[in-house]
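J.: Just passing along the structure, written as structure tokens.
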Amino acid sequence: MSRVLVIGDIHGALQALKQVLKKAKATTQDTLIFLGDYVDGWSDSATLVSFLSELKKTHKCIFIRGNHDQLTYTWLTEKTHNPDWIKHGGQATIESYAKLPKEEIHIHLQFYKNLLNYYIDTDNRLFIHAGFTNLHGPDQEYFSKLLYWDRTLWETALSLDPSLKKTDLTYPKRLLLFHEIYIGHTPVTRVNKTIPVQAACVWNLDTGAAFKGPLTIMDINSKEYWQSDPVYTLYPNEKGRN
């Protein structure tokens, strides 16, 4: 039976991705939705993009744009970068691209260019890297960069009073637009978790793979999930973003 499997932030951890795809027994009948941040962190960043480019030839894949993906795309196309990018995983990406055959660069540029800012399925579930600020939804977002940079959606969901009813006037309007919202971007390790965290209708799948946590893949219908080993143990000679 086909499933919809959603994958959190990978940050260059190709070994972890291979682990979770195997643990989840992902097949060509499943739809794989990646929430972004494929690069910046571990040494397999460029190799991971090559892997994903091949994976989409055999599997049903939906690739969401993350802020780190856009930073890398800017570096590749404009030969410039934000100095903070280097400190937050960009150096590992630069080094990984130094090992990539030049003929593959074009394939990678197309991959980054074709990333989606968000995806809404037929069951009114939103998949987005970071969030949105517009009360009418992501399609009305004035600054599109917020779709892969925003943290206010997650902070709002986390801080919501559980006793507040959806019919209350003060209930956040953004949280009424979709049946469920799946995000990454802000590691749940910040709230001392390493498993998917639900707050209101928002599910956060960034379980800290760039740092000390595992990579996670989840069946969005059953809510069953599978995790890799803590990613830093798969790359013992590297720092990642730690």
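Chain labels follow the order of the structure tokens: the first chain is A, the next B, and so on; residue numbering restarts at 1 in every chain, and ligands are counted from 1 in their shown order.
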Report as a CSV table (one decimal) with N, CA, C and O atoms, in the first residue's frame all protein, DNA and RNA residues lying within 7 Å of stretch 19-33 of chain A, evaluated on only C-alpha atoms, omitting residues in the same chain fewer than 6 positions from it.

T.:
chain,number,residue,atom,x,y,z
A,2,SER,N,0.6,2.2,-0.8
A,2,SER,CA,1.4,3.4,-0.9
A,2,SER,C,1.2,4.3,0.3
A,2,SER,O,0.2,4.3,1.0
A,3,ARG,N,2.3,4.9,0.7
A,3,ARG,CA,2.3,5.8,1.8
A,3,ARG,C,2.9,7.2,1.4
A,3,ARG,O,3.5,7.3,0.4
A,4,VAL,N,2.7,8.2,2.3
A,4,VAL,CA,3.3,9.5,2.2
A,4,VAL,C,4.3,9.6,3.3
A,4,VAL,O,3.9,9.6,4.5
A,5,LEU,N,5.6,9.6,2.9
A,5,LEU,CA,6.7,9.7,3.9
A,5,LEU,C,7.3,11.0,3.9
A,5,LEU,O,7.7,11.5,2.8
A,6,VAL,N,7.4,11.7,5.0
A,6,VAL,CA,8.0,13.0,5.1
A,6,VAL,C,9.4,12.9,5.8
A,6,VAL,O,9.5,12.2,6.8
A,7,ILE,N,10.4,13.6,5.2
A,7,ILE,CA,11.7,13.5,5.7
A,7,ILE,C,12.2,14.9,6.2
A,7,ILE,O,12.1,15.9,5.5
A,58,THR,N,13.4,7.3,-9.9
A,58,THR,CA,12.7,6.0,-9.6
A,58,THR,C,11.6,6.1,-8.6
A,58,THR,O,10.8,5.2,-8.5
A,59,HIS,N,11.6,7.2,-7.8
A,59,HIS,CA,10.6,7.3,-6.8
A,59,HIS,C,9.8,8.6,-6.9
A,59,HIS,O,10.3,9.6,-7.6
A,60,LYS,N,8.6,8.7,-6.3
A,60,LYS,CA,7.8,9.9,-6.3
A,60,LYS,C,8.3,10.8,-5.3
A,60,LYS,O,8.2,10.6,-4.1
A,61,CYS,N,9.0,11.9,-5.7
A,61,CYS,CA,9.7,12.8,-4.7
A,61,CYS,C,9.1,14.2,-4.9
A,61,CYS,O,8.9,14.7,-6.0
A,62,ILE,N,9.0,14.8,-3.7
A,62,ILE,CA,8.6,16.2,-3.7
A,62,ILE,C,9.7,16.9,-2.8
A,62,ILE,O,9.9,16.5,-1.7
A,63,PHE,N,10.4,17.9,-3.4
A,63,PHE,CA,11.5,18.5,-2.8
A,63,PHE,C,11.2,20.0,-2.4
A,63,PHE,O,10.9,20.8,-3.3
A,216,THR,N,15.1,11.9,10.7
A,216,THR,CA,13.7,11.2,10.9
A,216,THR,C,12.9,11.2,9.6
A,216,THR,O,12.9,12.2,8.8
A,217,ILE,N,12.3,10.1,9.4
A,217,ILE,CA,11.3,9.9,8.3
A,217,ILE,C,10.0,9.5,8.9
A,217,ILE,O,10.0,8.6,9.8
A,226,TRP,N,10.7,6.5,11.7
A,226,TRP,CA,11.9,5.8,11.8
A,226,TRP,C,13.1,6.8,11.9
A,226,TRP,O,13.0,7.9,11.3
A,227,GLN,N,14.1,6.4,12.6
A,227,GLN,CA,15.2,7.4,12.8
A,227,GLN,C,16.6,6.7,12.5
A,227,GLN,O,16.7,5.5,12.8
A,228,SER,N,17.5,7.5,12.1
A,228,SER,CA,18.8,7.0,11.9
A,228,SER,C,19.6,7.0,13.2
A,228,SER,O,19.0,7.4,14.2

J.: From the options A:Asn134, A:Thr80, A:Ser43, A:Gln140, which residue's atoms come nearest to A:Gly12, counting only C-alpha atoms?

T.: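 The answer is A:Ser43, which sits nearest to A:Gly12.
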
J.: Residues of stretch 51-208 of chain A classed as strand (DSSP E or B) by DSSP on the backbone are to be reported as a list in words.

T.: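 Result set for stretch 51-208 of chain A (strand (DSSP E or B)): Lys60, Cys61, Ile62, Phe63, Ile64, Leu116, Tyr118, Tyr119, Ile120, Arg125, Leu126, Phe127, Ile128, Glu180, Ile181, Tyr182, Ile183, Val197, Gln198, Ala199, Val202, Trp203 and Asn204 of chain A.
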
J.: Using Å and a single decimal, report how far atom CA of A:Ser53 sits from atom CA of A:Asp40.

T.: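 Taking atom CA of A:Asp40 as the start and atom CA of A:Ser53 as the end point, the length is 17.2 Å.
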